[in-house]
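Engineer: I have a structure I would like to understand better, so I am pasting it below and will then ask my questions one at a time.
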Amino acid sequence: MSTNSTLKIRTTVIVVLKIFLCLSFLLIGVFKLSGTAQTIQLFKAIGWGQWFRYLTGILDIIGAVLLFLPRWTFYGALILVCTIGSATLFCLISLHNDPAVPLTLTLLAVLLAWMTRSR
């Protein structure tokens with residue numbers, strides 16, 4: 001495979017990850033900030049109070065927006081790794097829920113951060 005085609009594949013993967021993660025975390029952030037019954041109960045079960053729902057909702061939206069600012073994509077992905085990575089841990093430790101979805105989103109955000117890091 002030529003360097004040019006490898007670069008095209010890499011660029012395509014980055015764009016697809018940005019779009020998917022941006023849409024996912026904008027939706028997740030809006031659900032958290034709007035206080036759907038499910039998110040209120042989820043954060044109540046965590047036991048840290050509703051302030052944590054607002055904080056993570058804001059961080060989800062900020063991270064999603066940063067994905068489309070070229071100099072900030074890496075940092076946006078890191079913010080998302082922190083928020084969804086925490087959700088994965090909460091699923092495993094205190095909520096005893098299936099961690100498949102947050103773990104998948106965490107791994108995709110890690111991949112995007114790795115692909116857009118400074119060299």
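If you're wondering about the labels, chains in the structure tokens are A, B, ... by order shown, residues count from 1 in each chain, ligands from 1 in order shown.
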Contacts of Ile28 of chain A at 12 Å or less, counting only C-alpha atoms, minus same-chain residues fewer than 4 places along, as a PyMOL selection string?
Structural biologist: chain A and resi 21-24+32-36+38-39+53-54+56-64+80+83-84+87+102+105
Engineer: Between A:Thr12, A:Ser2, A:Ile46, A:Thr73, which has the minimum distance to Ile93 of chain A (counting only C-alpha atoms)?
Structural biologist: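 Smallest separation from Ile93 of chain A among the options: A:Ile46.
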Engineer: What lies within 12 Å of Asn97 of chain A using only C-alpha atoms, ignoring chain neighbours under 3 positions off, as a tab-separated table (two decimals) with C-alpha atoms, in the first residue's frame?
Structural biologist:
chain	number	residue	atom	x	y	z
A	42	LEU	CA	-28.31	6.86	37.03
A	45	ALA	CA	-27.39	5.52	41.93
A	46	ILE	CA	-23.77	6.71	41.64
A	87	ALA	CA	-18.71	5.84	33.25
A	88	THR	CA	-17.13	2.50	32.38
A	89	LEU	CA	-15.63	2.27	35.86
A	90	PHE	CA	-18.92	3.23	37.50
A	91	CYS	CA	-20.68	0.52	35.49
A	92	LEU	CA	-18.22	-2.05	36.77
A	93	ILE	CA	-17.76	-0.91	40.37
A	94	SER	CA	-20.93	0.66	41.73
A	100	ALA	CA	-19.94	-2.75	26.82
A	101	VAL	CA	-21.23	0.57	25.44
A	102	PRO	CA	-19.14	2.93	27.60
A	103	LEU	CA	-16.09	0.72	27.14
Engineer: Which residue, A:Thr104, A:Leu66, A:Gln50, A:Leu7, has the smallest gap to Leu26 of chain A when you use only C-alpha atoms?
Structural biologist: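 Looking only at the distances to Leu26 of chain A, the closest residue turns out to be A:Leu66.
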Engineer: What parts of chain A does DSSP call helix (DSSP H, G or I)? I'd like the answer as a ChimeraX atom specification.
Structural biologist: /A:3-34,37-46,50-66,73-95,100-115
Engineer: Applying 10 Å and only C-alpha atoms, which residues near Thr116 of chain A remain after dropping the ones on its own chain fewer than 6 positions away? List them as a compact mmCIF listing (two decimals) with N, CA and C atoms, in the first residue's frame.
Structural biologist:
# COMPACT_ATOMS: atom_id res chain seq x y z
N THR A 11 -6.89 9.48 7.37
CA THR A 11 -7.73 10.67 7.40
C THR A 11 -9.20 10.29 7.46
N ILE A 14 -10.09 9.06 10.96
CA ILE A 14 -10.17 10.19 11.89
C ILE A 14 -11.49 10.94 11.71
N LEU A 67 -13.59 18.33 19.20
CA LEU A 67 -13.17 17.36 18.18
C LEU A 67 -13.05 17.99 16.80
N PRO A 70 -9.24 21.65 14.78
CA PRO A 70 -8.04 20.85 14.50
C PRO A 70 -6.95 20.87 15.58
N ARG A 71 -6.67 22.01 16.14
CA ARG A 71 -5.62 22.07 17.16
C ARG A 71 -6.07 21.50 18.50
N TRP A 72 -7.36 21.29 18.66
CA TRP A 72 -7.93 20.87 19.93
C TRP A 72 -8.53 19.47 19.90
N THR A 73 -8.48 18.80 18.77
CA THR A 73 -9.08 17.47 18.64
C THR A 73 -8.54 16.50 19.68
N PHE A 74 -7.25 16.47 19.83
CA PHE A 74 -6.62 15.57 20.80
C PHE A 74 -7.16 15.82 22.21
N TYR A 75 -7.26 17.09 22.60
CA TYR A 75 -7.73 17.44 23.95
C TYR A 75 -9.21 17.12 24.12
N ALA A 77 -10.76 14.70 22.61
CA ALA A 77 -10.80 13.24 22.76
C ALA A 77 -10.38 12.83 24.17
N VAL A 110 -10.06 6.86 22.82
CA VAL A 110 -8.61 6.62 22.97
C VAL A 110 -7.96 6.53 21.59
Engineer: Given the choices A:Phe43, A:Phe25, A:Trp48, A:Phe31, which gets closest to Gly76 of chain A if the distance is worked out from only C-alpha atoms?
Structural biologist: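 Nearest candidate to Gly76 of chain A out of A:Phe43, A:Phe25, A:Trp48, A:Phe31: A:Phe25.
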Engineer: From the set A:Ile9, A:Ile19, A:Val65, A:Leu95, which residue has the shortest atom-to-atom contact distance to Gly47 of chain A, counting only C-alpha atoms?
Structural biologist: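 Closest to Gly47 of chain A, using only C-alpha atoms: A:Leu95.
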Engineer: With only C-alpha atoms as the basis for distance, which of A:Ser86, A:Leu17, A:Pro99, A:Gly29 is at the shortest distance from Trp114 of chain A?
Structural biologist: A:Leu17
Engineer: Just to confirm, what's the straight-line distance from atom CA of Ala37 of chain A to atom CA of Leu108 of chain A in Å (one decimal)?
Structural biologist: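 Interatomic distance here is 27.1 Å.
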